[in-house]
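Here's the structure, in structure tokens; my notes come after.
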Amino acid sequence: MCGIFGIITDREQKLGPILVESGKRLAYRGYDSVGCATVTSDGTIDLRKGVGRIEDVSAELDFPAMRGRRGITQLRWATFGAPSYENAQPHLDSDGDMVGAHNGNVVNNVQLRELFLREGLAVRGTNDGETCVHAVERHFDRNGGDMLAAIRAAYDDLEGDYAFVITHREEHRLYAIKKGSGLVAGLGEGFACVSSDLPSILPLTRQVLYIRDGEIVVLSPQRVELYAVHDGAPIERQSERYDGPLEVAEKGGYPHFMLKEIHEQPVVAGELLHLLNGSRHVDRFLEMLTTGGDRPVYLVGCGTSYHACLLGAYYLNQLAGLAAVPVLGPQFIEQYSQSLGVADRAVFVSQSGETKDILNAVKVMRQRGGRVLGVLNVLGSTLMQASDVYLPLGCGYEISVPATKTFVNQAALFLYLAYRLAKRDTGELDALPSLLSQTLQATGEPSRQVARDLNDWRDMYYLGYGLSHPIALEGALKLKEITYAHCEGIFSSEFKHGPLSAVHDGYPVVFITAPGDEMMMINHVNEVTTRGGRAIAIAAEHTALRANVHDYLSLPPSDRFLSPILATIPAQLMAYHMSVARGLDPDFPRNLSKTLTVD
Ligand code: AGP
């Protein structure tokens, strides 16, 4: 959530196009407001910002025309302060000498603002990014105009997890600091840059430097210097070459990234299996996973990644007899931290590798001496760096806010690990990419039709039994995330214990069923249909089940472990089509951000 990008160059130029392009590559982090600032050779600051998406604000304020030798872009996902011009970032200090922007959360924002107002600083909004700028400004004069010293002092005042970038108009340098939120620097021919994330850096340079917590970065056009915030001592670290793919955020002919990413699932699943088969990390991962004796292994995630953990727990237990506890990041801390010890291990699952709720849980695990196993999509992320061992999801960039292909690969990865632990032939999983393609083919149009029929409903349920329960939760999450309708996912046998009372004529309930669970599910279907509800099945062909439901989204035949992964596709597609039919943009649902780096 929130994205920052800063660049410093060796000559004055039109920086606007670079700032806009970098901003677009960070747009998944926040789209409540956007702003750009440039500083020219003579120290003039040009600051333009506004509420809305980067395409619109940039066109209105002509970002591409902005010139300078230093530039900052910020994409905001609002936490402190409603989306408004005043709260849009970057921010100026009181007298307009400094300009800066942040991502993350300064938790003592309110107290600091009150202090700054008492001291006579020109506080214009309520946003904590502005607080970062004032916090530096305040120490700047006291430290004889030394930016490094001022930032170090500000660090002591600013509580929370954040990263920010700041520059003073009279000094041809850019400063950035990392405390909890992601920050990467890049070094190229005649410029240096810094960003919340790699995608905005890679089109400019592949020479990168991962910044760690408690480090200040000082950028000049030819150099990236690091200093420890606690004593100001220089830190020696060379930049490294990033050789991963440079993916272009293009829709490839699809109307939305979400639809494109859904259709990429067969390919990325194939790539993941290939990657796992050839990975030396897998053995180490499995060894660590199984060294806890009788202690259960924790599978920790949030949102969609948590649903993958739920499915992973079924796989590990049903296939390999391993006791796994799926748990939300904050719940892991609240429910288990006191009993954790050196024998414990947890798999932390996160697409971004930057989710604060997950990183907090990692920190607790570390404090208790347990092992941290990471499963992540973004290479170089904080989770990757914090893990004893990690496995990548190999999905490439996932741009749309709703996670799709990363879920499928998280599920496939857990299934692969369970197979390995069960000493089953992982070659059996090679059918997955082709089954995913067949599912896209078979359920594409029917999902659109069902979505159209259900589109007037603002309330529905997804039910799943056993292995299909995580998919019911995931289907419901997708639907509420991008249609703004209410939808709940429930373990199907639980429906009669309360929620059944919601059912009346035509009330839609989706039943996701894995092979072997059909006869059980027919009971749950009938409890709904006899009360007038409309039953929609997502399952492989089954005559008896078909005879009991109104709509049938038919999956290709597979086994009970692969089937839940396939069932994800029609659930994703139904949500997608309902969102589009409502005139919404499924890629960027209101109020949300792809990467949540706040508590
Ligand atoms: C899923 O569609 C959501 N965008 C969200 O639930 C997401 O999965 C969650 O925020 C966790 O993100 P992570 O995988 O990057 O940690």
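Letters A, B, ... mark the chains of the structure tokens in the order given; residue numbers begin at 1 per chain; ligand numbers begin at 1, in order shown.
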Pull the closest atom pair for each residue of chain A that gets at most 9 Å from ligand 1, along with the distance in Å to one decimal, counting only C-alpha atoms and all ligand atoms, ordering rows by chain and then ascending residue number, as CSV.
residue,atom,partner,partner_atom_place_in_ligand_line,distance
A:Gly301,CA,ligand 1,16 (O),6.4
A:Cys302,CA,ligand 1,11 (C),4.7
A:Gly303,CA,ligand 1,6 (O),3.2
A:Thr304,CA,ligand 1,8 (O),3.7
A:Ser305,CA,ligand 1,14 (O),4.8
A:Tyr306,CA,ligand 1,8 (O),7.4
A:His307,CA,ligand 1,8 (O),8.5
A:Phe348,CA,ligand 1,16 (O),8.9
A:Val349,CA,ligand 1,14 (O),6.6
A:Ser350,CA,ligand 1,14 (O),3.5
A:Gln351,CA,ligand 1,14 (O),3.6
A:Ser352,CA,ligand 1,15 (O),3.7
A:Gly353,CA,ligand 1,15 (O),5.8
A:Glu354,CA,ligand 1,15 (O),6.4
A:Thr355,CA,ligand 1,16 (O),4.6
A:Lys356,CA,ligand 1,16 (O),8.1
A:Asp357,CA,ligand 1,16 (O),8.0
A:Ile358,CA,ligand 1,16 (O),6.8
A:Leu376,CA,ligand 1,14 (O),7.7
A:Asn377,CA,ligand 1,15 (O),8.2
A:Val378,CA,ligand 1,15 (O),8.7
A:Ser400,CA,ligand 1,4 (N),8.2
A:Val401,CA,ligand 1,4 (N),4.9
A:Pro402,CA,ligand 1,2 (O),3.3
A:Ala403,CA,ligand 1,2 (O),4.0
A:Thr404,CA,ligand 1,2 (O),6.9
A:Thr406,CA,ligand 1,14 (O),8.0
A:Phe407,CA,ligand 1,8 (O),8.1
A:Glu474,CA,ligand 1,2 (O),8.2
A:Leu477,CA,ligand 1,2 (O),6.9
A:Lys478,CA,ligand 1,2 (O),5.9
A:Glu481,CA,ligand 1,2 (O),6.9
A:Ile482,CA,ligand 1,2 (O),8.8
A:Leu592,CA,ligand 1,4 (N),7.6
A:Ser593,CA,ligand 1,4 (N),7.1
A:Lys594,CA,ligand 1,4 (N),5.3
A:Thr595,CA,ligand 1,15 (O),5.6
A:Leu596,CA,ligand 1,10 (O),6.0
Counting only C-alpha atoms, which residues of region 356-462 of chain A sit at most 12 Å from some atom of region 525-542 of chain A, and what is each one's closest atom pair with its distance in Å to one decimal, listed by chain and rising residue number, as a tab-separated table?
residue	atom	partner	partner_atom	distance
A:Leu435	CA	A:Ala540	CA	11.6
A:Gln438	CA	A:Ala540	CA	11.9
A:Thr439	CA	A:Ala540	CA	10.0
A:Ala442	CA	A:Ala540	CA	10.8
A:Thr443	CA	A:Ile538	CA	9.3
A:Pro446	CA	A:Ile538	CA	10.9
A:Ser447	CA	A:Ile538	CA	9.9
A:Gln449	CA	A:Ile536	CA	11.9
A:Val450	CA	A:Ile536	CA	8.5
A:Ala451	CA	A:Ile536	CA	10.8
A:Asp453	CA	A:Arg534	CA	11.0
A:Leu454	CA	A:Arg534	CA	9.8
A:Trp457	CA	A:Arg534	CA	11.6
A:Met460	CA	A:Arg534	CA	10.1
A:Tyr461	CA	A:Ala535	CA	10.0
A:Tyr462	CA	A:Ile536	CA	9.3
- Using only C-alpha atoms, determine which residues lie at most 9 Å from Thr73 (chain A), disregarding the query and same-chain residues fewer than 3 positions distant; provide the list as JSON, numbers by chain. {"A": [3, 4, 5, 6, 19, 20, 22, 23, 34, 35, 36, 37, 38, 89, 90, 101]}
Could you write those residues out with N, CA and C atoms, as a CSV table (one decimal), in the first residue's frame?
chain,number,residue,atom,x,y,z
A,3,GLY,N,3.0,3.6,-2.8
A,3,GLY,CA,4.2,3.4,-3.5
A,3,GLY,C,5.0,4.7,-3.7
A,4,ILE,N,6.3,4.6,-3.5
A,4,ILE,CA,7.2,5.7,-3.7
A,4,ILE,C,8.3,5.4,-4.7
A,5,PHE,N,8.6,6.4,-5.4
A,5,PHE,CA,9.7,6.3,-6.4
A,5,PHE,C,10.5,7.7,-6.4
A,6,GLY,N,11.8,7.6,-6.4
A,6,GLY,CA,12.6,8.8,-6.4
A,6,GLY,C,13.8,8.6,-7.4
A,19,LEU,N,8.7,9.6,-14.3
A,19,LEU,CA,7.9,9.6,-13.0
A,19,LEU,C,6.6,8.9,-13.3
A,20,VAL,N,6.0,9.2,-14.4
A,20,VAL,CA,4.7,8.7,-14.7
A,20,VAL,C,4.8,7.2,-15.0
A,22,SER,N,7.1,5.1,-13.9
A,22,SER,CA,7.4,4.4,-12.6
A,22,SER,C,6.1,4.4,-11.8
A,23,GLY,N,5.4,5.5,-11.8
A,23,GLY,CA,4.2,5.5,-11.0
A,23,GLY,C,3.2,4.5,-11.4
A,34,VAL,N,-2.4,10.7,-6.4
A,34,VAL,CA,-1.0,10.5,-6.9
A,34,VAL,C,-0.4,11.9,-7.0
A,35,GLY,N,0.9,11.9,-6.9
A,35,GLY,CA,1.6,13.2,-7.1
A,35,GLY,C,3.0,13.1,-7.6
A,36,CYS,N,3.5,14.1,-8.2
A,36,CYS,CA,4.9,14.1,-8.7
A,36,CYS,C,5.6,15.4,-8.2
A,37,ALA,N,6.8,15.4,-7.9
A,37,ALA,CA,7.6,16.6,-7.6
A,37,ALA,C,8.9,16.5,-8.4
A,38,THR,N,9.3,17.6,-8.9
A,38,THR,CA,10.7,17.7,-9.5
A,38,THR,C,11.4,18.8,-8.9
A,89,GLN,N,0.3,13.0,-1.8
A,89,GLN,CA,1.8,13.2,-1.6
A,89,GLN,C,2.4,13.4,-3.0
A,90,PRO,N,3.6,13.9,-3.1
A,90,PRO,CA,4.5,14.3,-2.1
A,90,PRO,C,4.1,15.6,-1.3
A,101,ALA,N,8.0,12.1,0.4
A,101,ALA,CA,6.8,11.2,0.3
A,101,ALA,C,7.1,9.9,1.0
Practice problem: Give me the residues within 12 Å of Leu379 (chain A) as a PyMOL selection string, counting only C-alpha atoms and dropping any in the same chain fewer than 3 places off. | Solution: chain A and resi 182+184+197-199+210+242-245+350-354+374-376+382-387+390-397
As a list in words, please: the residues near Ile18 (chain A) (cut-off 9 Å, only C-alpha atoms, same-chain neighbours under 4 positions excluded). Ile7, Lys14, Ser22, Gly23, Pro64, Gly71 and Leu204 of chain A
Keeping only N, CA, C and O atoms, take the residues you just selected and write them out as a PDB file, in the first residue's frame.
ATOM      1  N   ILE A   7      14.134   9.660  -8.086  1.00  0.00           N
ATOM      2  CA  ILE A   7      15.256   9.536  -9.023  1.00  0.00           C
ATOM      3  C   ILE A   7      16.103  10.803  -8.975  1.00  0.00           C
ATOM      4  O   ILE A   7      15.580  11.907  -8.764  1.00  0.00           O
ATOM      5  N   LYS A  14      13.599  16.273 -18.941  1.00  0.00           N
ATOM      6  CA  LYS A  14      12.162  16.046 -18.723  1.00  0.00           C
ATOM      7  C   LYS A  14      12.021  14.777 -17.895  1.00  0.00           C
ATOM      8  O   LYS A  14      12.126  13.666 -18.430  1.00  0.00           O
ATOM      9  N   SER A  22       7.084   5.090 -13.909  1.00  0.00           N
ATOM     10  CA  SER A  22       7.387   4.412 -12.649  1.00  0.00           C
ATOM     11  C   SER A  22       6.147   4.357 -11.774  1.00  0.00           C
ATOM     12  O   SER A  22       5.878   3.354 -11.113  1.00  0.00           O
ATOM     13  N   GLY A  23       5.407   5.454 -11.788  1.00  0.00           N
ATOM     14  CA  GLY A  23       4.179   5.502 -10.993  1.00  0.00           C
ATOM     15  C   GLY A  23       3.173   4.461 -11.447  1.00  0.00           C
ATOM     16  O   GLY A  23       2.553   3.772 -10.632  1.00  0.00           O
ATOM     17  N   PRO A  64       3.852  14.727 -17.591  1.00  0.00           N
ATOM     18  CA  PRO A  64       4.973  14.487 -18.512  1.00  0.00           C
ATOM     19  C   PRO A  64       5.803  15.736 -18.804  1.00  0.00           C
ATOM     20  O   PRO A  64       6.954  15.641 -19.209  1.00  0.00           O
ATOM     21  N   GLY A  71      13.472  13.825  -8.956  1.00  0.00           N
ATOM     22  CA  GLY A  71      12.023  13.676  -9.042  1.00  0.00           C
ATOM     23  C   GLY A  71      11.512  12.646  -8.053  1.00  0.00           C
ATOM     24  O   GLY A  71      12.225  11.709  -7.674  1.00  0.00           O
ATOM     25  N   LEU A 204      14.594   0.874 -15.907  1.00  0.00           N
ATOM     26  CA  LEU A 204      15.665   1.875 -15.931  1.00  0.00           C
ATOM     27  C   LEU A 204      17.037   1.244 -15.755  1.00  0.00           C
ATOM     28  O   LEU A 204      18.003   1.636 -16.383  1.00  0.00           O
TER      29      LEU A 204
END
Tell me, counting only C-alpha atoms, for each residue of region 20-107 of chain A within 9 Å of region 119-125 of chain A, which pair of atoms is nearest and how far apart they are in Å to one decimal, in rows ordered by chain and increasing number, as a tab-separated table.
residue	atom	partner	partner_atom	distance
A:Gly81	CA	A:Gly125	CA	7.4
A:Ser84	CA	A:Gly125	CA	8.7
A:Tyr85	CA	A:Gly125	CA	8.6
A:Glu86	CA	A:Gly125	CA	5.0
A:Asn87	CA	A:Gly125	CA	5.3
A:Ala88	CA	A:Gly125	CA	8.8
A:Asp93	CA	A:Ala122	CA	7.3
A:Ser94	CA	A:Ala122	CA	4.6
A:Asp95	CA	A:Ala122	CA	7.8
Assign secondary structure with DSSP using the backbone only, and return the residues of region 299-417 of chain A in alpha helix (DSSP H) as number ranges by chain.
A: 303-320, 329-336, 356-367, 382-386, 405-417
Review point. At what distance in Å, to one decimal, does CA of Leu413 (chain A) lie from CA of Ser337 (chain A)?
Key: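 Separating CA of Ser337 (chain A) from CA of Leu413 (chain A) is a distance of 26.2 Å.
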As an MDAnalysis selection string, please: every residue in region 157-392 of chain A that a backbone DSSP assignment puts in strand (DSSP E).
chainID A and resid 160:168 174:179 184:188 191:195 207:210 215:220 223:228 234:235 240:241 297:301 324:328 345:350 371:376 389:392
Contacts of Asp459 (chain A) at 10 Å (only C-alpha atoms; same-chain gap of 5+ positions) as a ChimeraX atom specification: /A:454,480,484-488,502,507-509
Let me see the file: selected residues, N, CA and C atoms, as a short mmCIF file (atom, residue, chain, number, x, y, z; two decimals), in the first residue's frame.
data_model
loop_
_atom_site.label_atom_id
_atom_site.label_comp_id
_atom_site.auth_asym_id
_atom_site.auth_seq_id
_atom_site.Cartn_x
_atom_site.Cartn_y
_atom_site.Cartn_z
N LEU A 454 -27.09 -14.07 -12.03
CA LEU A 454 -27.08 -13.77 -10.59
C LEU A 454 -26.83 -12.30 -10.29
N LYS A 480 -16.73 -10.65 -3.24
CA LYS A 480 -16.99 -9.40 -2.49
C LYS A 480 -15.93 -8.35 -2.81
N TYR A 484 -18.43 -5.77 -4.74
CA TYR A 484 -18.92 -5.02 -3.57
C TYR A 484 -20.21 -5.62 -3.01
N ALA A 485 -20.58 -6.81 -3.50
CA ALA A 485 -21.74 -7.51 -2.94
C ALA A 485 -21.30 -8.27 -1.69
N HIS A 486 -22.27 -8.69 -0.89
CA HIS A 486 -21.92 -9.51 0.25
C HIS A 486 -21.91 -10.97 -0.16
N CYS A 487 -20.87 -11.66 0.20
CA CYS A 487 -20.81 -13.08 -0.12
C CYS A 487 -19.98 -13.76 0.95
N GLU A 488 -20.45 -14.90 1.41
CA GLU A 488 -19.73 -15.57 2.49
C GLU A 488 -19.39 -16.99 2.07
N ALA A 502 -31.16 -17.53 5.85
CA ALA A 502 -31.14 -16.45 4.84
C ALA A 502 -31.81 -16.88 3.55
N TYR A 507 -32.60 -17.52 -3.93
CA TYR A 507 -31.36 -17.13 -3.24
C TYR A 507 -30.19 -18.00 -3.72
N PRO A 508 -29.13 -17.39 -4.25
CA PRO A 508 -28.06 -18.19 -4.85
C PRO A 508 -27.05 -18.75 -3.85
N VAL A 509 -26.79 -20.03 -3.99
CA VAL A 509 -25.76 -20.69 -3.18
C VAL A 509 -24.92 -21.56 -4.12
#
Q. Neighbours of Ile471 (chain A) within 9 Å (only C-alpha atoms; same-chain residues fewer than 3 positions away dropped), as a ChimeraX atom specification?
A. /A:307-308,311,462-464,467-468,474-476,489,512,564-565,567-568,571
Would you mind exporting C-alpha atoms of the selected residues as a PDB file, in the first residue's frame?
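Listing of result_16.pdb after writing:
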ATOM      1  CA  HIS A 307      -6.999 -19.629   1.793  1.00  0.00           C
ATOM      2  CA  ALA A 308      -4.042 -21.329   0.125  1.00  0.00           C
ATOM      3  CA  LEU A 311      -5.923 -25.919   1.362  1.00  0.00           C
ATOM      4  CA  TYR A 462     -20.251 -20.209  -1.394  1.00  0.00           C
ATOM      5  CA  LEU A 463     -20.243 -23.621   0.284  1.00  0.00           C
ATOM      6  CA  GLY A 464     -17.490 -26.203   0.193  1.00  0.00           C
ATOM      7  CA  LEU A 467     -10.888 -29.876   0.474  1.00  0.00           C
ATOM      8  CA  SER A 468     -13.338 -27.554  -1.281  1.00  0.00           C
ATOM      9  CA  GLU A 474     -11.656 -17.867  -1.963  1.00  0.00           C
ATOM     10  CA  GLY A 475     -14.642 -17.676  -4.341  1.00  0.00           C
ATOM     11  CA  ALA A 476     -16.530 -15.578  -1.803  1.00  0.00           C
ATOM     12  CA  GLY A 489     -17.822 -18.800   2.192  1.00  0.00           C
ATOM     13  CA  ILE A 512     -18.014 -26.539  -4.701  1.00  0.00           C
ATOM     14  CA  PRO A 564     -10.217 -27.866  -5.824  1.00  0.00           C
ATOM     15  CA  ILE A 565      -7.510 -26.028  -7.764  1.00  0.00           C
ATOM     16  CA  ALA A 567     -12.700 -25.198  -9.176  1.00  0.00           C
ATOM     17  CA  THR A 568     -10.964 -21.901  -8.478  1.00  0.00           C
ATOM     18  CA  ALA A 571     -15.207 -18.966  -9.085  1.00  0.00           C
TER      19      ALA A 571
END
Q.
Given only C-alpha atoms as the basis, pick out the residue of A:Gly380, A:Gly104, A:Gly583, A:Gly278 nearest to Ile211 (chain A).
A.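 Result for the nearest residue to Ile211 (chain A): A:Gly380.
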